[in-house]
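Colleague: File target_15.cif below, mmCIF, C-alpha atoms:
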data_coords
#
loop_
_atom_site.group_PDB
_atom_site.id
_atom_site.type_symbol
_atom_site.label_atom_id
_atom_site.label_comp_id
_atom_site.auth_asym_id
_atom_site.auth_seq_id
_atom_site.Cartn_x
_atom_site.Cartn_y
_atom_site.Cartn_z
ATOM 1 C CA MET U 196 0.000 0.000 0.000
ATOM 2 C CA ARG U 197 1.384 3.380 -0.987
ATOM 3 C CA SER U 198 1.971 5.987 1.718
ATOM 4 C CA ALA U 199 -0.165 9.130 1.703
ATOM 5 C CA TRP U 200 2.846 11.055 2.987
ATOM 6 C CA SER U 201 4.997 12.971 0.548
ATOM 7 C CA GLY U 202 8.745 12.365 0.437
ATOM 8 C CA THR U 203 9.322 15.805 1.927
ATOM 9 C CA GLN U 204 6.987 15.023 4.821
ATOM 10 C CA LEU U 205 8.641 11.631 5.382
ATOM 11 C CA LEU U 206 12.104 13.210 5.516
ATOM 12 C CA ILE U 207 10.943 15.874 7.967
ATOM 13 C CA LEU U 208 9.200 13.250 10.120
ATOM 14 C CA ALA U 209 12.310 11.048 10.133
ATOM 15 C CA ASN U 210 14.565 13.963 11.085
ATOM 16 C CA VAL U 211 12.286 15.149 13.890
ATOM 17 C CA THR U 212 11.836 11.588 15.207
ATOM 18 C CA VAL U 213 15.581 10.947 15.268
ATOM 19 C CA PHE U 214 16.145 14.312 16.949
ATOM 20 C CA LEU U 215 13.704 13.325 19.710
ATOM 21 C CA LEU U 216 15.512 9.985 20.067
ATOM 22 C CA GLU U 217 18.780 11.891 20.178
ATOM 23 C CA LEU U 218 17.451 13.957 23.093
ATOM 24 C CA THR U 219 16.533 10.821 25.045
ATOM 25 C CA ALA U 220 19.397 8.496 24.051
ATOM 26 C CA GLY U 221 22.083 11.195 24.020
ATOM 27 C CA THR U 222 25.728 10.285 23.483
ATOM 28 C CA PRO U 223 25.368 6.625 22.370
ATOM 29 C CA LEU U 224 23.134 7.562 19.443
ATOM 30 C CA PHE U 225 25.259 10.551 18.541
ATOM 31 C CA SER U 226 28.613 8.781 18.753
ATOM 32 C CA GLY U 227 27.512 5.730 16.769
ATOM 33 C CA PHE U 228 25.676 7.496 13.967
ATOM 34 C CA ALA U 229 27.423 10.865 13.498
ATOM 35 C CA LEU U 230 29.888 11.028 10.596
ATOM 36 C CA TRP U 231 33.320 10.532 12.113
ATOM 37 C CA PRO U 232 36.533 11.030 10.111
ATOM 38 C CA VAL U 233 38.270 7.932 8.786
ATOM 39 C CA GLY U 234 40.448 6.568 11.560
ATOM 40 C CA ALA U 235 38.458 8.323 14.285
ATOM 41 C CA GLY U 236 35.411 6.060 14.406
ATOM 42 C CA PHE U 237 34.084 6.123 10.831
ATOM 43 C CA MET U 238 31.656 3.373 9.867
ATOM 44 C CA PRO U 239 30.043 3.075 6.387
ATOM 45 C CA TRP U 240 26.437 3.599 7.581
ATOM 46 C CA GLN U 241 27.432 7.015 8.897
ATOM 47 C CA LEU U 242 27.402 8.311 5.294
ATOM 48 C CA VAL U 243 23.602 8.358 5.663
ATOM 49 C CA SER U 244 22.876 8.281 9.402
ATOM 50 C CA TYR U 245 24.710 11.555 10.161
ATOM 51 C CA ALA U 246 22.097 13.459 8.143
ATOM 52 C CA PHE U 247 19.348 12.570 10.614
ATOM 53 C CA LEU U 248 21.218 13.871 13.672
ATOM 54 C CA HIS U 249 21.309 17.556 14.561
ATOM 55 C CA GLY U 250 23.311 19.739 16.922
ATOM 56 C CA GLY U 251 20.271 21.455 18.446
ATOM 57 C CA ILE U 252 16.738 22.630 17.841
ATOM 58 C CA ALA U 253 17.812 25.652 15.748
ATOM 59 C CA HIS U 254 19.990 23.428 13.539
ATOM 60 C CA LEU U 255 17.064 21.058 12.998
ATOM 61 C CA ALA U 256 14.568 23.894 12.446
ATOM 62 C CA PHE U 257 16.650 25.652 9.774
ATOM 63 C CA ASN U 258 17.298 22.419 7.887
ATOM 64 C CA MET U 259 13.665 21.315 8.016
ATOM 65 C CA PHE U 260 12.466 24.764 6.944
ATOM 66 C CA GLY U 261 14.758 24.623 3.894
ATOM 67 C CA LEU U 262 13.640 21.091 3.106
ATOM 68 C CA TRP U 263 9.975 22.074 3.382
ATOM 69 C CA MET U 264 10.389 25.336 1.468
ATOM 70 C CA PHE U 265 12.176 23.879 -1.563
ATOM 71 C CA GLY U 266 11.371 20.173 -1.353
ATOM 72 C CA ARG U 267 7.589 20.431 -1.695
ATOM 73 C CA GLU U 268 7.547 22.133 -5.069
ATOM 74 C CA LEU U 269 10.474 20.118 -6.374
ATOM 75 C CA GLU U 270 8.676 16.932 -5.372
ATOM 76 C CA GLN U 271 5.519 18.032 -7.186
ATOM 77 C CA LEU U 272 7.593 18.292 -10.353
ATOM 78 C CA LEU U 273 9.855 15.245 -9.953
ATOM 79 C CA GLY U 274 7.772 12.885 -7.825
ATOM 80 C CA ARG U 275 8.478 11.325 -4.449
ATOM 81 C CA ARG U 276 10.937 8.675 -5.607
ATOM 82 C CA ALA U 277 13.079 11.157 -7.554
ATOM 83 C CA LEU U 278 13.092 13.651 -4.674
ATOM 84 C CA LEU U 279 14.260 10.952 -2.247
ATOM 85 C CA GLU U 280 16.901 9.784 -4.715
ATOM 86 C CA LEU U 281 18.137 13.365 -5.110
ATOM 87 C CA TYR U 282 18.166 13.915 -1.348
ATOM 88 C CA PHE U 283 20.081 10.742 -0.497
ATOM 89 C CA ALA U 284 22.573 11.214 -3.346
ATOM 90 C CA SER U 285 23.222 14.688 -1.918
ATOM 91 C CA VAL U 286 23.574 13.353 1.638
ATOM 92 C CA VAL U 287 26.089 10.686 0.571
ATOM 93 C CA SER U 288 28.122 13.053 -1.612
ATOM 94 C CA ALA U 289 28.129 15.661 1.181
ATOM 95 C CA GLY U 290 29.375 13.005 3.600
ATOM 96 C CA ALA U 291 32.072 11.858 1.158
ATOM 97 C CA MET U 292 33.225 15.446 0.687
ATOM 98 C CA GLN U 293 33.337 15.935 4.456
ATOM 99 C CA LEU U 294 35.407 12.762 4.854
ATOM 100 C CA PHE U 295 37.850 14.074 2.267
ATOM 101 C CA VAL U 296 38.106 17.487 3.964
ATOM 102 C CA THR U 297 38.597 15.985 7.419
ATOM 103 C CA SER U 298 41.295 13.645 6.088
ATOM 104 C CA VAL U 299 43.199 16.611 4.638
ATOM 105 C CA SER U 300 42.736 18.813 7.699
ATOM 106 C CA ALA U 301 43.297 15.998 10.242
ATOM 107 C CA SER U 302 40.092 16.978 12.057
ATOM 108 C CA ALA U 303 38.709 14.538 14.626
ATOM 109 C CA TYR U 304 35.251 16.086 15.024
ATOM 110 C CA PRO U 305 32.027 14.405 13.925
ATOM 111 C CA THR U 306 29.618 15.905 11.409
ATOM 112 C CA VAL U 307 25.831 15.920 11.822
ATOM 113 C CA GLY U 308 22.874 17.487 10.049
ATOM 114 C CA ALA U 309 20.706 17.320 6.956
ATOM 115 C CA SER U 310 22.358 20.379 5.391
ATOM 116 C CA GLY U 311 24.085 18.429 2.605
ATOM 117 C CA GLY U 312 20.743 16.962 1.528
ATOM 118 C CA VAL U 313 19.031 20.337 1.819
ATOM 119 C CA PHE U 314 21.727 22.001 -0.306
ATOM 120 C CA GLY U 315 21.187 19.292 -2.914
ATOM 121 C CA ILE U 316 17.451 19.991 -2.882
ATOM 122 C CA LEU U 317 18.228 23.703 -3.181
ATOM 123 C CA LEU U 318 20.403 23.132 -6.250
ATOM 124 C CA GLY U 319 17.718 20.893 -7.765
ATOM 125 C CA TYR U 320 15.186 23.655 -7.177
ATOM 126 C CA ALA U 321 17.396 26.217 -8.922
ATOM 127 C CA ILE U 322 17.930 23.892 -11.898
ATOM 128 C CA CYS U 323 14.221 23.114 -12.249
ATOM 129 C CA PHE U 324 12.910 26.605 -11.421
ATOM 130 C CA PRO U 325 15.773 28.957 -12.339
ATOM 131 C CA ARG U 326 13.636 32.092 -12.681
ATOM 132 C CA ARG U 327 11.530 31.533 -9.566
ATOM 133 C CA ILE U 328 12.048 34.457 -7.193
ATOM 134 C CA ILE U 329 13.473 33.808 -3.725
ATOM 135 C CA MET U 330 13.192 36.653 -1.235
ATOM 136 C CA LEU U 331 16.122 37.020 1.111
ATOM 137 C CA LEU U 332 15.191 37.823 4.688
ATOM 138 C CA ILE U 333 18.135 40.060 5.577
ATOM 139 C CA PRO U 334 18.411 42.195 3.510
ATOM 140 C CA PRO U 335 15.018 41.745 1.805
ATOM 141 C CA ILE U 336 16.226 41.405 -1.776
ATOM 142 C CA PRO U 337 14.388 39.327 -4.414
ATOM 143 C CA LEU U 338 16.691 37.073 -6.434
ATOM 144 C CA PRO U 339 16.013 34.490 -9.133
ATOM 145 C CA ALA U 340 16.676 30.977 -7.802
ATOM 146 C CA TRP U 341 19.679 30.372 -10.059
ATOM 147 C CA LEU U 342 21.406 33.531 -8.799
ATOM 148 C CA PHE U 343 20.507 32.862 -5.158
ATOM 149 C CA VAL U 344 21.987 29.357 -5.309
ATOM 150 C CA THR U 345 25.080 30.528 -7.201
ATOM 151 C CA LEU U 346 25.765 33.259 -4.641
ATOM 152 C CA TYR U 347 25.104 30.850 -1.778
ATOM 153 C CA ALA U 348 27.630 28.385 -3.227
ATOM 154 C CA VAL U 349 30.226 31.147 -3.590
ATOM 155 C CA VAL U 350 29.659 32.191 0.034
ATOM 156 C CA GLU U 351 30.002 28.565 1.204
ATOM 157 C CA LEU U 352 33.225 28.137 -0.779
ATOM 158 C CA THR U 353 34.637 31.415 0.562
ATOM 159 C CA LEU U 354 33.759 30.575 4.170
ATOM 160 C CA GLY U 355 35.121 27.060 3.771
ATOM 161 C CA LEU U 356 38.431 28.273 2.395
ATOM 162 C CA ALA U 357 38.702 31.009 5.015
ATOM 163 C CA GLY U 358 37.882 28.598 7.832
ATOM 164 C CA THR U 359 36.348 31.411 9.861
ATOM 165 C CA GLN U 360 33.154 29.586 10.899
ATOM 166 C CA THR U 361 34.366 26.493 12.710
ATOM 167 C CA GLY U 362 31.763 23.842 13.363
ATOM 168 C CA ILE U 363 30.011 24.393 10.019
ATOM 169 C CA ALA U 364 30.731 21.893 7.253
ATOM 170 C CA HIS U 365 30.840 24.321 4.324
ATOM 171 C CA PHE U 366 32.488 21.817 2.007
ATOM 172 C CA ALA U 367 29.847 19.206 2.881
ATOM 173 C CA HIS U 368 27.217 21.715 1.737
ATOM 174 C CA LEU U 369 29.055 22.044 -1.562
ATOM 175 C CA GLY U 370 29.376 18.262 -1.721
ATOM 176 C CA GLY U 371 25.594 18.011 -1.409
ATOM 177 C CA MET U 372 25.210 20.367 -4.333
ATOM 178 C CA ALA U 373 27.710 18.325 -6.347
ATOM 179 C CA GLY U 374 25.767 15.123 -5.670
ATOM 180 C CA ALA U 375 22.529 16.760 -6.772
ATOM 181 C CA PHE U 376 24.160 18.070 -9.933
ATOM 182 C CA LEU U 377 25.500 14.612 -10.820
ATOM 183 C CA ILE U 378 22.182 12.830 -10.236
ATOM 184 C CA ILE U 379 20.233 15.412 -12.252
ATOM 185 C CA ARG U 380 22.795 15.135 -15.043
ATOM 186 C CA ARG U 381 22.384 11.347 -15.000
ATOM 187 C CA TRP U 382 18.593 11.708 -15.226
ATOM 188 C CA ARG U 383 18.931 14.044 -18.206
ATOM 189 C CA ARG U 384 21.250 11.622 -19.993
ATOM 190 C CA LYS U 385 18.784 8.778 -19.479
ATOM 191 C CA ARG U 386 15.920 10.946 -20.724
ATOM 192 C CA ASP U 387 17.827 12.060 -23.823
#
Output the file's structure in the form of structure tokens.
Modeller:
Amino acid sequence: MRSAWSGTQLLILANVTVFLLELTAGTPLFSGFALWPVGAGFMPWQLVSYAFLHGGIAHLAFNMFGLWMFGRELEQLLGRRALLELYFASVVSAGAMQLFVTSVSASAYPTVGASGGVFGILLGYAICFPRRIIMLLIPPIPLPAWLFVTLYAVVELTLGLAGTQTGIAHFAHLGGMAGAFLIIRRWRRKRD
């Protein structure tokens, strides 16, 4: 029997449920399922499980807002299966990018959060709806989706290279975008 829930709703439900489990289970859940660098506790399942853990309520809220805001319309266009495929490809590629970055920087900190998947959804949105207007909150400037996402990627790259915002996986965000780009490119090749 097919679920009445959309893929976007299922992802939000899963993230919120795991966050509530994280609050009750605490460290064991976090330490076993966060994305640890290779040699510091990495296990293969962490390439997906890390995306369902969050560092706090604000972290969860921002990610779920982005998923809801861009995922709903993208899912209406692509369908539930394609949205989930795009999301998980973005999560895995974000995790792989983060593993690469932590191996180069010799970092021993775990990574958590759905941001890589959300950035993949955001890129998918910009590819599918490039002229759709996105209104920034601060400052309130309307931008077409393609420009918003391009500027956001440039900011992420700049902050990642500068290393000024520790604790934020800027390169994982870019890795999520890269995964989304590759999966959408694959879909277009199959279609053509």
Colleague: Neighbouring residues of segment 283-298 of chain U were defined as those with any atom within 10 Å, considering all atoms listed in the file; residues of the same chain fewer than 5 positions away were excluded. Please report them as a ChimeraX atom specification.
Modeller: /U:230-234,237,240-247,277-278,303-316,318,364-378
Colleague: From the list U:Ser300, U:Phe260, U:Glu217, U:Phe228, which residue is nearest Leu356 of chain U when using only C-alpha atoms?
Modeller: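 Selected residue with least distance to Leu356 of chain U: U:Ser300.
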Colleague: Contacts of Pro337 of chain U at 10 Å or less, counting all atoms listed in the file, minus same-chain residues fewer than 6 places along, as a list in words?
Modeller: Arg327, Ile328, Ile329, Met330, Leu331 and Phe343 of chain U
Colleague: Counting only C-alpha atoms, which of U:Arg267, U:His249, U:Arg326, U:His254 gets nearest to Trp200 of chain U?
Modeller: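 Ranking U:Arg267, U:His249, U:Arg326, U:His254 by distance to Trp200 of chain U, first place goes to U:Arg267.
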Colleague: I'd like the interatomic distance between atom CA of Arg275 of chain U and atom CA of Trp263 of chain U, to a tenth of an Å.
Modeller: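 Distance reported for this atom pair: 13.4 Å.
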Colleague: Using only C-alpha atoms for the distances, tell me which of U:Val349, U:Met264, U:Leu281, U:Cys323 is nearest to Arg381 of chain U.
Modeller: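 Among the listed residues, the smallest separation from Arg381 of chain U belongs to U:Leu281.
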Colleague: Take atom CA of Ile207 of chain U and atom CA of Pro339 of chain U and report the distance between them in Å, one decimal.
Modeller: 25.8 Å
Colleague: Go ahead and compute the interatomic distance for atom CA of Glu268 of chain U and atom CA of Tyr320 of chain U, in Å to one decimal.
Modeller: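 Separation of atom CA of Glu268 of chain U and atom CA of Tyr320 of chain U: 8.1 Å.
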Colleague: From the coordinates I just gave you, please extract segment 293-385 of chain U so that only C-alpha atoms remain, then output it as a compact mmCIF listing (two decimals), in the first residue's frame.
Modeller:
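Result file selection.txt:
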# COMPACT_ATOMS: atom_id res chain seq x y z
CA GLN U 293 33.34 15.94 4.46
CA LEU U 294 35.41 12.76 4.85
CA PHE U 295 37.85 14.07 2.27
CA VAL U 296 38.11 17.49 3.96
CA THR U 297 38.60 15.99 7.42
CA SER U 298 41.29 13.65 6.09
CA VAL U 299 43.20 16.61 4.64
CA SER U 300 42.74 18.81 7.70
CA ALA U 301 43.30 16.00 10.24
CA SER U 302 40.09 16.98 12.06
CA ALA U 303 38.71 14.54 14.63
CA TYR U 304 35.25 16.09 15.02
CA PRO U 305 32.03 14.40 13.93
CA THR U 306 29.62 15.90 11.41
CA VAL U 307 25.83 15.92 11.82
CA GLY U 308 22.87 17.49 10.05
CA ALA U 309 20.71 17.32 6.96
CA SER U 310 22.36 20.38 5.39
CA GLY U 311 24.09 18.43 2.61
CA GLY U 312 20.74 16.96 1.53
CA VAL U 313 19.03 20.34 1.82
CA PHE U 314 21.73 22.00 -0.31
CA GLY U 315 21.19 19.29 -2.91
CA ILE U 316 17.45 19.99 -2.88
CA LEU U 317 18.23 23.70 -3.18
CA LEU U 318 20.40 23.13 -6.25
CA GLY U 319 17.72 20.89 -7.76
CA TYR U 320 15.19 23.66 -7.18
CA ALA U 321 17.40 26.22 -8.92
CA ILE U 322 17.93 23.89 -11.90
CA CYS U 323 14.22 23.11 -12.25
CA PHE U 324 12.91 26.61 -11.42
CA PRO U 325 15.77 28.96 -12.34
CA ARG U 326 13.64 32.09 -12.68
CA ARG U 327 11.53 31.53 -9.57
CA ILE U 328 12.05 34.46 -7.19
CA ILE U 329 13.47 33.81 -3.73
CA MET U 330 13.19 36.65 -1.24
CA LEU U 331 16.12 37.02 1.11
CA LEU U 332 15.19 37.82 4.69
CA ILE U 333 18.14 40.06 5.58
CA PRO U 334 18.41 42.19 3.51
CA PRO U 335 15.02 41.74 1.80
CA ILE U 336 16.23 41.40 -1.78
CA PRO U 337 14.39 39.33 -4.41
CA LEU U 338 16.69 37.07 -6.43
CA PRO U 339 16.01 34.49 -9.13
CA ALA U 340 16.68 30.98 -7.80
CA TRP U 341 19.68 30.37 -10.06
CA LEU U 342 21.41 33.53 -8.80
CA PHE U 343 20.51 32.86 -5.16
CA VAL U 344 21.99 29.36 -5.31
CA THR U 345 25.08 30.53 -7.20
CA LEU U 346 25.76 33.26 -4.64
CA TYR U 347 25.10 30.85 -1.78
CA ALA U 348 27.63 28.39 -3.23
CA VAL U 349 30.23 31.15 -3.59
CA VAL U 350 29.66 32.19 0.03
CA GLU U 351 30.00 28.57 1.20
CA LEU U 352 33.23 28.14 -0.78
CA THR U 353 34.64 31.41 0.56
CA LEU U 354 33.76 30.58 4.17
CA GLY U 355 35.12 27.06 3.77
CA LEU U 356 38.43 28.27 2.39
CA ALA U 357 38.70 31.01 5.01
CA GLY U 358 37.88 28.60 7.83
CA THR U 359 36.35 31.41 9.86
CA GLN U 360 33.15 29.59 10.90
CA THR U 361 34.37 26.49 12.71
CA GLY U 362 31.76 23.84 13.36
CA ILE U 363 30.01 24.39 10.02
CA ALA U 364 30.73 21.89 7.25
CA HIS U 365 30.84 24.32 4.32
CA PHE U 366 32.49 21.82 2.01
CA ALA U 367 29.85 19.21 2.88
CA HIS U 368 27.22 21.71 1.74
CA LEU U 369 29.05 22.04 -1.56
CA GLY U 370 29.38 18.26 -1.72
CA GLY U 371 25.59 18.01 -1.41
CA MET U 372 25.21 20.37 -4.33
CA ALA U 373 27.71 18.33 -6.35
CA GLY U 374 25.77 15.12 -5.67
CA ALA U 375 22.53 16.76 -6.77
CA PHE U 376 24.16 18.07 -9.93
CA LEU U 377 25.50 14.61 -10.82
CA ILE U 378 22.18 12.83 -10.24
CA ILE U 379 20.23 15.41 -12.25
CA ARG U 380 22.79 15.13 -15.04
CA ARG U 381 22.38 11.35 -15.00
CA TRP U 382 18.59 11.71 -15.23
CA ARG U 383 18.93 14.04 -18.21
CA ARG U 384 21.25 11.62 -19.99
CA LYS U 385 18.78 8.78 -19.48
